[in-house]
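Novice: If you scroll down you'll find the structure; I have some questions about it.
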Amino acid sequence: MSKFWSPFVKDLVPYVPGEQPKIANLVKLNTNENPYGPSPKAIAAMQAEVGESLRLYPDPNSDRLKHAVADYYGVQPSQVFVGNGSDEVLAHAFYGLFQHGRPLLFPDVTYSFYPVYCGLYGIPFEAMPLDEQFQIRVEDYERPNGGIIFPNPNAPTGCLLPLEAIEKLLQANPDSVVVVDEAYIDFGGVSAICLVDRYPNLLVTQTLSKSRSLAGLRVGLAVGHADLIEALERIKNSFNSYPLDRMAIVGAAAAFEDKVYFDATCRKVIDSREHLIAELGKLGFEVLPSAANFIFARHPQKDAAGIAAGLREQGVIVRHFKQERIAQFLRITIGTPEQNQALLDALATR
Ligand code: PMP
């Protein structure tokens, strides 16, 4: 705190990112990164970009990447927006597409960045409790609102909302924008991007941090009606007209083009998830159904915060949230089979 801070900054409650530990050799299962590296083609594309051309600004429109995404999903490049991580894409969507006079609706529990953006932009919100099974209750979103946002699968629960339920929600809210945050969609869900041509109020966001293993590159995207995309472009050009650097543009485009590598790594993560869920069950854990690259697990007799602290001493880090409704759960990122086994071995000793 300083006397130079504006009153606005004094009241701002920022997001707290998951820990990025400085200690080597930890089994890092806390921030949902992909345990496998990015596509070798993406790495080669970025290496080829390093050189004299870096003195030049990148393409402010990131056309190469927009075309790669458009080709992948069968949409027009004018329906694609790209930014510096999906966090930045979401920030622009909050600013540009939600009607600040009416409350934004999102689930309670969900991605904890949403209330932070609301604080940043002065957007009122109402958080709608999940049902007993930790699922989103679609009926709760059939009321006047200034927009709707939820991750699919939800975070940190991992639970998936089927496309039919999303369509129901879109039809019930023709006058507000529905943002589906698909950070984890590639690990078992079907993208709502197939609905964007039918619903002009739908914006789908995705990230290259998870299924395409490029968290370090910071690239995210949105797909929707060209009019929604234009709003995001206007904000971007008033904020940072070059959000993606030259390496990010070519690396992310190459990652989208390498479908074979993408499919193979997603498959490995999904198979490991199912194996881990079965093994955790043998240790007495209850695990919510997950369509993500993480699971949400609790032990009926053991304290989750205590387990997380103990695991850390054993060199394994997982995520624990203090929020009351989920305080009994651990969010565990799916690692390699060896990392998952290290987790299971550590848990078996507790
Ligand atoms: N949405 C959700 C639901 C997430 O969990 C994350 C990752 N923390 C993001 C968006 C942001 O991902 P990124 O900024 O790395 O694209």
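Just remember, in the structure tokens the first chain shown is A, the second B, etc., residues are 1-based per chain, and ligands are 1-based in the order shown.
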Per residue of range 213-295 of chain A within 10 Å of range 336-340 of chain A, note the shortest atom pair and the distance in Å to one decimal, counting only C-alpha atoms, and order the rows by chain and increasing residue number, as CSV.

Specialist:
```
residue,atom,partner,partner_atom,distance
A:Lys268,CA,A:Thr336,CA,8.5
A:Val269,CA,A:Thr336,CA,7.6
A:Asp271,CA,A:Pro337,CA,9.5
A:Ser272,CA,A:Pro337,CA,6.4
A:Arg273,CA,A:Asn340,CA,9.0
A:His275,CA,A:Pro337,CA,8.9
A:Leu276,CA,A:Asn340,CA,6.8
A:Glu279,CA,A:Asn340,CA,9.7
```

Novice: Just the residues within 7 Å of Gly251 in chain A, please, counting only C-alpha atoms, with nothing from its chain fewer than 3 positions along; format it as a PDB file with N, CA, C and O atoms, in the first residue's frame.

Specialist:
```pdb
ATOM      1  N   ALA A  42       5.981 -27.647 -33.507  1.00  0.00           N
ATOM      2  CA  ALA A  42       5.822 -26.306 -32.935  1.00  0.00           C
ATOM      3  C   ALA A  42       7.180 -25.784 -32.463  1.00  0.00           C
ATOM      4  O   ALA A  42       7.532 -24.617 -32.686  1.00  0.00           O
ATOM      5  N   ILE A  43       7.949 -26.662 -31.842  1.00  0.00           N
ATOM      6  CA  ILE A  43       9.276 -26.238 -31.356  1.00  0.00           C
ATOM      7  C   ILE A  43      10.153 -25.846 -32.549  1.00  0.00           C
ATOM      8  O   ILE A  43      10.813 -24.805 -32.531  1.00  0.00           O
ATOM      9  N   ALA A  45       9.212 -24.774 -35.465  1.00  0.00           N
ATOM     10  CA  ALA A  45       8.719 -23.519 -36.063  1.00  0.00           C
ATOM     11  C   ALA A  45       9.213 -22.316 -35.253  1.00  0.00           C
ATOM     12  O   ALA A  45       9.605 -21.284 -35.820  1.00  0.00           O
ATOM     13  N   MET A  46       9.237 -22.463 -33.938  1.00  0.00           N
ATOM     14  CA  MET A  46       9.694 -21.345 -33.103  1.00  0.00           C
ATOM     15  C   MET A  46      11.197 -21.152 -33.241  1.00  0.00           C
ATOM     16  O   MET A  46      11.681 -20.025 -33.312  1.00  0.00           O
ATOM     17  N   MET A 247       7.300 -15.611 -32.129  1.00  0.00           N
ATOM     18  CA  MET A 247       7.433 -17.034 -31.816  1.00  0.00           C
ATOM     19  C   MET A 247       6.075 -17.638 -31.462  1.00  0.00           C
ATOM     20  O   MET A 247       5.759 -18.758 -31.860  1.00  0.00           O
ATOM     21  N   ALA A 248       5.295 -16.886 -30.700  1.00  0.00           N
ATOM     22  CA  ALA A 248       3.984 -17.407 -30.284  1.00  0.00           C
ATOM     23  C   ALA A 248       3.085 -17.648 -31.499  1.00  0.00           C
ATOM     24  O   ALA A 248       2.375 -18.661 -31.561  1.00  0.00           O
ATOM     25  N   ALA A 254       1.680 -23.904 -35.643  1.00  0.00           N
ATOM     26  CA  ALA A 254       2.221 -25.242 -35.936  1.00  0.00           C
ATOM     27  C   ALA A 254       1.604 -26.279 -35.005  1.00  0.00           C
ATOM     28  O   ALA A 254       1.351 -27.419 -35.409  1.00  0.00           O
ATOM     29  N   ALA A 255       1.359 -25.894 -33.751  1.00  0.00           N
ATOM     30  CA  ALA A 255       0.741 -26.833 -32.806  1.00  0.00           C
ATOM     31  C   ALA A 255      -0.660 -27.217 -33.282  1.00  0.00           C
ATOM     32  O   ALA A 255      -1.062 -28.381 -33.190  1.00  0.00           O
TER      33      ALA A 255
END
```

Novice: Show me, as a PyMOL selection string, the residues that have an atom within 10 Å of Arg325 in chain A when counting only C-alpha atoms, minus same-chain residues fewer than 6 positions from it.

Specialist: chain A and resi 108-109+129-130+134

Novice: The selected residues should be written to file as a PDB file, in the first residue's frame (atoms: N, CA and C atoms).

Specialist:
```pdb
ATOM      1  N   ASP A 108     -20.922 -21.290  -8.774  1.00  0.00           N
ATOM      2  CA  ASP A 108     -20.186 -21.312  -7.519  1.00  0.00           C
ATOM      3  C   ASP A 108     -20.098 -22.787  -7.149  1.00  0.00           C
ATOM      4  N   VAL A 109     -19.097 -23.458  -7.506  1.00  0.00           N
ATOM      5  CA  VAL A 109     -17.704 -23.144  -7.619  1.00  0.00           C
ATOM      6  C   VAL A 109     -17.271 -23.060  -9.098  1.00  0.00           C
ATOM      7  N   PRO A 129     -24.984 -21.631  -7.078  1.00  0.00           N
ATOM      8  CA  PRO A 129     -24.427 -22.853  -6.493  1.00  0.00           C
ATOM      9  C   PRO A 129     -24.557 -24.069  -7.409  1.00  0.00           C
ATOM     10  N   LEU A 130     -23.543 -24.915  -7.398  1.00  0.00           N
ATOM     11  CA  LEU A 130     -23.624 -26.194  -8.110  1.00  0.00           C
ATOM     12  C   LEU A 130     -24.592 -27.103  -7.354  1.00  0.00           C
ATOM     13  N   PHE A 134     -22.189 -31.558  -7.706  1.00  0.00           N
ATOM     14  CA  PHE A 134     -21.208 -30.576  -8.192  1.00  0.00           C
ATOM     15  C   PHE A 134     -21.378 -30.274  -9.683  1.00  0.00           C
TER      16      PHE A 134
END
```

Novice: List as an MDAnalysis selection string the protein and nucleic acid residues lying within 8 Å of ligand 1, with only C-alpha atoms and all ligand atoms counted.

Specialist: chainID A and resid 17 31:32 84:88 90 110:111 150:156 181:184 206:210 215 218:220

Novice: Hey, can you spit out that residue selection with N, CA, C and O atoms as a compact mmCIF listing (two decimals), in the first residue's frame?

Specialist:
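Printed below is again_32.txt as written:
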```
# COMPACT_ATOMS: atom_id res chain seq x y z
N PRO A 17 -2.16 -16.72 -8.56
CA PRO A 17 -1.86 -17.85 -9.45
C PRO A 17 -1.35 -19.05 -8.65
O PRO A 17 -0.81 -18.89 -7.55
N THR A 31 -0.77 -27.29 -11.35
CA THR A 31 -1.33 -26.20 -12.19
C THR A 31 -1.77 -26.68 -13.59
O THR A 31 -1.83 -25.89 -14.53
N ASN A 32 -2.09 -27.96 -13.68
CA ASN A 32 -2.74 -28.49 -14.90
C ASN A 32 -1.96 -28.27 -16.19
O ASN A 32 -2.54 -28.08 -17.26
N ASN A 84 -2.94 -13.16 -25.48
CA ASN A 84 -1.82 -13.61 -24.66
C ASN A 84 -2.33 -14.49 -23.50
O ASN A 84 -2.49 -14.04 -22.37
N GLY A 85 -2.60 -15.74 -23.83
CA GLY A 85 -3.22 -16.65 -22.86
C GLY A 85 -4.72 -16.45 -22.88
O GLY A 85 -5.20 -15.36 -23.23
N SER A 86 -5.48 -17.49 -22.50
CA SER A 86 -6.93 -17.26 -22.51
C SER A 86 -7.32 -16.34 -21.37
O SER A 86 -8.39 -15.72 -21.43
N ASP A 87 -6.48 -16.15 -20.38
CA ASP A 87 -6.78 -15.15 -19.34
C ASP A 87 -6.96 -13.77 -19.97
O ASP A 87 -7.88 -13.03 -19.61
N GLU A 88 -6.09 -13.43 -20.91
CA GLU A 88 -6.24 -12.11 -21.55
C GLU A 88 -7.47 -12.07 -22.45
O GLU A 88 -8.19 -11.07 -22.49
N LEU A 90 -10.18 -13.74 -22.02
CA LEU A 90 -11.34 -13.63 -21.11
C LEU A 90 -11.47 -12.21 -20.58
O LEU A 90 -12.58 -11.67 -20.49
N THR A 110 -16.23 -22.20 -9.36
CA THR A 110 -15.72 -22.13 -10.72
C THR A 110 -14.32 -21.52 -10.71
O THR A 110 -13.69 -21.38 -9.66
N TYR A 111 -13.86 -21.15 -11.93
CA TYR A 111 -12.52 -20.56 -12.08
C TYR A 111 -12.48 -19.24 -11.29
O TYR A 111 -13.28 -18.34 -11.55
N PHE A 150 -19.03 -19.86 -17.94
CA PHE A 150 -18.66 -21.05 -17.15
C PHE A 150 -17.60 -21.82 -17.94
O PHE A 150 -17.59 -21.78 -19.16
N PRO A 151 -16.71 -22.50 -17.20
CA PRO A 151 -15.77 -23.35 -17.91
C PRO A 151 -16.45 -24.67 -18.25
O PRO A 151 -17.28 -25.15 -17.49
N ASN A 152 -16.10 -25.26 -19.36
CA ASN A 152 -16.60 -26.58 -19.71
C ASN A 152 -15.47 -27.43 -20.28
O ASN A 152 -14.99 -27.13 -21.36
N PRO A 153 -15.03 -28.48 -19.56
CA PRO A 153 -15.44 -28.88 -18.22
C PRO A 153 -15.19 -27.78 -17.19
O PRO A 153 -14.30 -26.96 -17.38
N ASN A 154 -15.98 -27.83 -16.10
CA ASN A 154 -15.83 -26.81 -15.06
C ASN A 154 -14.49 -27.00 -14.34
O ASN A 154 -13.92 -28.08 -14.33
N ALA A 155 -14.00 -25.92 -13.78
CA ALA A 155 -12.78 -25.97 -12.98
C ALA A 155 -13.12 -25.41 -11.61
O ALA A 155 -13.84 -24.42 -11.53
N PRO A 156 -12.66 -26.00 -10.52
CA PRO A 156 -11.73 -27.14 -10.48
C PRO A 156 -12.40 -28.51 -10.37
O PRO A 156 -11.75 -29.46 -9.98
N ASP A 181 -15.89 -21.32 -21.52
CA ASP A 181 -14.43 -21.31 -21.35
C ASP A 181 -13.93 -22.75 -21.44
O ASP A 181 -14.01 -23.52 -20.48
N GLU A 182 -13.43 -23.11 -22.62
CA GLU A 182 -13.06 -24.50 -22.88
C GLU A 182 -11.57 -24.77 -22.68
O GLU A 182 -10.92 -25.41 -23.51
N ALA A 183 -11.04 -24.30 -21.56
CA ALA A 183 -9.61 -24.51 -21.31
C ALA A 183 -9.25 -26.00 -21.34
O ALA A 183 -8.14 -26.36 -21.72
N TYR A 184 -10.21 -26.86 -20.94
CA TYR A 184 -9.89 -28.29 -20.76
C TYR A 184 -10.71 -29.20 -21.68
O TYR A 184 -10.81 -30.40 -21.44
N GLN A 206 -10.62 -20.82 -25.72
CA GLN A 206 -9.74 -21.97 -25.51
C GLN A 206 -8.33 -21.49 -25.22
O GLN A 206 -8.02 -20.31 -25.39
N THR A 207 -7.50 -22.42 -24.79
CA THR A 207 -6.11 -22.09 -24.49
C THR A 207 -5.17 -23.10 -25.14
O THR A 207 -5.58 -24.24 -25.38
N LEU A 208 -3.94 -22.69 -25.41
CA LEU A 208 -2.94 -23.65 -25.87
C LEU A 208 -2.07 -24.13 -24.71
O LEU A 208 -1.09 -24.83 -24.89
N SER A 209 -2.47 -23.74 -23.47
CA SER A 209 -1.65 -24.07 -22.30
C SER A 209 -1.79 -25.51 -21.84
O SER A 209 -0.94 -26.01 -21.12
N LYS A 210 -2.89 -26.15 -22.22
CA LYS A 210 -3.19 -27.47 -21.65
C LYS A 210 -2.99 -28.57 -22.69
O LYS A 210 -1.97 -29.21 -22.72
N ALA A 215 1.91 -23.80 -22.21
CA ALA A 215 1.60 -22.83 -21.15
C ALA A 215 2.65 -21.72 -21.10
O ALA A 215 2.35 -20.56 -20.82
N ARG A 218 2.01 -18.65 -23.64
CA ARG A 218 0.90 -17.76 -23.36
C ARG A 218 0.07 -17.44 -24.61
O ARG A 218 0.12 -16.32 -25.14
N VAL A 219 -0.68 -18.40 -25.06
CA VAL A 219 -1.58 -18.17 -26.20
C VAL A 219 -2.97 -18.71 -25.88
O VAL A 219 -3.12 -19.84 -25.42
N GLY A 220 -3.98 -17.87 -26.11
CA GLY A 220 -5.36 -18.29 -25.97
C GLY A 220 -6.15 -17.78 -27.15
O GLY A 220 -5.66 -16.96 -27.95
```

Novice: Counting only C-alpha atoms, what is within 7 Å of range 71-80 of chain A, bar same-chain residues fewer than 4 positions away, as a PyMOL selection string?

Specialist: chain A and resi 66-67+221-226+229

Novice: Pick out the closest residue to Ile235 in chain A from this set: A:Gly83, A:Pro35, A:Pro21, A:Gly216. Count only C-alpha atoms.

Specialist: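 Of A:Gly83, A:Pro35, A:Pro21, A:Gly216, the one nearest Ile235 in chain A, counting only C-alpha atoms, is A:Gly83.
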
Novice: What does the distance from CA of His320 in chain A to CA of Leu217 in chain A come to in Å, to one decimal?

Specialist: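 Going from CA of His320 in chain A over to CA of Leu217 in chain A, I get 25.7 Å.
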
Novice: Which parts of range 18-138 of chain A does DSSP call alpha helix (DSSP H) when run on the backbone here, written out as JSON, numbers by chain?

Specialist: {"A": [40, 41, 42, 43, 44, 45, 46, 47, 48, 49, 63, 64, 65, 66, 67, 68, 69, 70, 71, 72, 73, 85, 86, 87, 88, 89, 90, 91, 92, 93, 94, 95, 96, 97, 113, 114, 115, 116, 117, 118, 119, 120, 121]}

Novice: Restrict the selected residues to C-alpha atoms and save them as a compact mmCIF listing (two decimals), in the first residue's frame.

Specialist:
```txt
# COMPACT_ATOMS: atom_id res chain seq x y z
CA PRO A 40 8.14 -31.10 -32.07
CA LYS A 41 6.82 -29.24 -35.13
CA ALA A 42 5.82 -26.31 -32.93
CA ILE A 43 9.28 -26.24 -31.36
CA ALA A 44 10.94 -26.36 -34.79
CA ALA A 45 8.72 -23.52 -36.06
CA MET A 46 9.69 -21.34 -33.10
CA GLN A 47 13.38 -22.15 -33.49
CA ALA A 48 13.20 -21.15 -37.15
CA GLU A 49 11.69 -17.82 -36.12
CA ASP A 63 -3.21 -14.01 -39.30
CA ARG A 64 -1.14 -17.18 -39.58
CA LEU A 65 -2.54 -18.43 -36.29
CA LYS A 66 -6.11 -17.31 -36.98
CA HIS A 67 -6.04 -19.24 -40.25
CA ALA A 68 -4.69 -22.37 -38.54
CA VAL A 69 -7.47 -22.21 -35.93
CA ALA A 70 -10.14 -21.43 -38.55
CA ASP A 71 -9.03 -24.39 -40.68
CA TYR A 72 -9.02 -26.69 -37.66
CA TYR A 73 -12.56 -25.80 -36.63
CA GLY A 85 -3.22 -16.65 -22.86
CA SER A 86 -6.93 -17.26 -22.51
CA ASP A 87 -6.78 -15.15 -19.34
CA GLU A 88 -6.24 -12.11 -21.55
CA VAL A 89 -8.91 -13.23 -24.01
CA LEU A 90 -11.34 -13.63 -21.11
CA ALA A 91 -10.40 -10.22 -19.71
CA HIS A 92 -11.33 -8.61 -23.04
CA ALA A 93 -14.58 -10.60 -23.18
CA PHE A 94 -15.54 -9.44 -19.69
CA TYR A 95 -14.84 -5.84 -20.62
CA GLY A 96 -16.41 -5.86 -24.04
CA LEU A 97 -19.34 -8.25 -23.96
CA PHE A 113 -10.44 -15.43 -12.00
CA TYR A 114 -14.06 -14.58 -12.91
CA PRO A 115 -14.87 -12.55 -9.78
CA VAL A 116 -11.47 -10.85 -10.16
CA TYR A 117 -12.34 -9.59 -13.65
CA CYS A 118 -15.70 -8.43 -12.28
CA GLY A 119 -13.84 -6.42 -9.65
CA LEU A 120 -11.46 -5.00 -12.24
CA TYR A 121 -14.22 -3.83 -14.57
```

Novice: Hey, what's within 8 Å of Arg212 in chain A if we count only C-alpha atoms and toss same-chain stuff fewer than 4 positions away? As a compact mmCIF listing (two decimals) with all heavy atoms, in the first residue's frame, please?

Specialist:
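The new file result.txt reads:
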```txt
# COMPACT_ATOMS: atom_id res chain seq x y z
N ASN A 34 0.54 -29.78 -19.17
CA ASN A 34 0.60 -31.07 -19.85
C ASN A 34 1.93 -31.73 -19.49
O ASN A 34 2.96 -31.08 -19.56
CB ASN A 34 0.52 -30.81 -21.36
CG ASN A 34 0.17 -32.04 -22.15
OD1 ASN A 34 0.73 -33.11 -21.92
ND2 ASN A 34 -0.77 -31.90 -23.07
N PRO A 38 5.50 -29.84 -25.93
CA PRO A 38 4.72 -29.39 -27.10
C PRO A 38 5.09 -30.20 -28.34
O PRO A 38 6.11 -30.89 -28.35
CB PRO A 38 5.16 -27.93 -27.29
CG PRO A 38 6.09 -27.60 -26.19
CD PRO A 38 6.45 -28.85 -25.46
N SER A 39 4.30 -30.08 -29.39
CA SER A 39 4.59 -30.75 -30.66
C SER A 39 6.00 -30.40 -31.13
O SER A 39 6.39 -29.22 -31.13
CB SER A 39 3.58 -30.27 -31.70
OG SER A 39 4.15 -30.30 -32.99
N LEU A 208 -3.94 -22.69 -25.41
CA LEU A 208 -2.94 -23.65 -25.87
C LEU A 208 -2.07 -24.13 -24.71
O LEU A 208 -1.09 -24.83 -24.89
CB LEU A 208 -2.06 -23.05 -26.98
CG LEU A 208 -2.75 -23.09 -28.35
CD1 LEU A 208 -3.63 -21.89 -28.55
CD2 LEU A 208 -1.74 -23.23 -29.48
N ALA A 255 1.36 -25.89 -33.75
CA ALA A 255 0.74 -26.83 -32.81
C ALA A 255 -0.66 -27.22 -33.28
O ALA A 255 -1.06 -28.38 -33.19
CB ALA A 255 0.68 -26.22 -31.41
N PHE A 256 -1.41 -26.25 -33.80
CA PHE A 256 -2.75 -26.55 -34.31
C PHE A 256 -2.68 -27.44 -35.55
O PHE A 256 -3.58 -28.25 -35.79
CB PHE A 256 -3.52 -25.27 -34.63
CG PHE A 256 -4.54 -24.96 -33.58
CD1 PHE A 256 -4.23 -24.11 -32.53
CD2 PHE A 256 -5.78 -25.58 -33.59
CE1 PHE A 256 -5.15 -23.86 -31.52
CE2 PHE A 256 -6.71 -25.34 -32.59
CZ PHE A 256 -6.39 -24.48 -31.55
N PHE A 262 -1.07 -34.06 -31.31
CA PHE A 262 -2.10 -33.58 -30.38
C PHE A 262 -3.00 -34.74 -29.93
O PHE A 262 -3.22 -34.96 -28.74
CB PHE A 262 -2.90 -32.48 -31.09
CG PHE A 262 -4.19 -32.12 -30.44
CD1 PHE A 262 -4.20 -31.29 -29.32
CD2 PHE A 262 -5.40 -32.56 -30.94
CE1 PHE A 262 -5.41 -30.94 -28.71
CE2 PHE A 262 -6.59 -32.21 -30.35
CZ PHE A 262 -6.59 -31.40 -29.23
```

Novice: Please, what distance in Å, to one decimal, runs between CA of Asn240 in chain A and CA of Asp186 in chain A?

Specialist: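 So the answer is 28.7 Å.
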
Novice: Leaving out Arg137 in chain A and any residue of its chain fewer than 3 positions from it, which residues lie within 12 Å of it when counting only C-alpha atoms, given as an MDAnalysis selection string?

Specialist: chainID A and resid 105:109 127:134 140:142 150 160:162 165:166 168:169

Novice: Give the answer as one residue: which of A:Val190, A:Val178, A:Cys266, A:Leu283 has the shortest atom-to-atom distance to Ala297 in chain A, using only C-alpha atoms?

Specialist: A:Leu283

Novice: Apply DSSP to the structure's backbone, then extract all residues of range 168-263 of chain A labelled strand (DSSP E) and return them as a list of chain:residue names.

Specialist: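 Assigned to strand (DSSP E), within range 168-263 of chain A: A:Val178, A:Val179, A:Val180, A:Asp181, A:Leu202, A:Leu203, A:Val204, A:Thr205, A:Gln206, A:Thr207, A:Gly220, A:Leu221, A:Ala222, A:Val223, A:Gly224.
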
Novice: Can you work out which one of A:Leu29, A:Leu170, A:Val50, A:Ala264 has the shortest atom-to-atom distance to Ile295 in chain A, counting only C-alpha atoms?

Specialist: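 Between A:Leu29, A:Leu170, A:Val50, A:Ala264, the residue approaching Ile295 in chain A most closely is A:Leu29.
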
Novice: Which value, in Å to one decimal, gives the distance between CA of Leu347 in chain A and CA of Phe294 in chain A?

Specialist: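 Separation between CA of Leu347 in chain A and CA of Phe294 in chain A: 16.8 Å.
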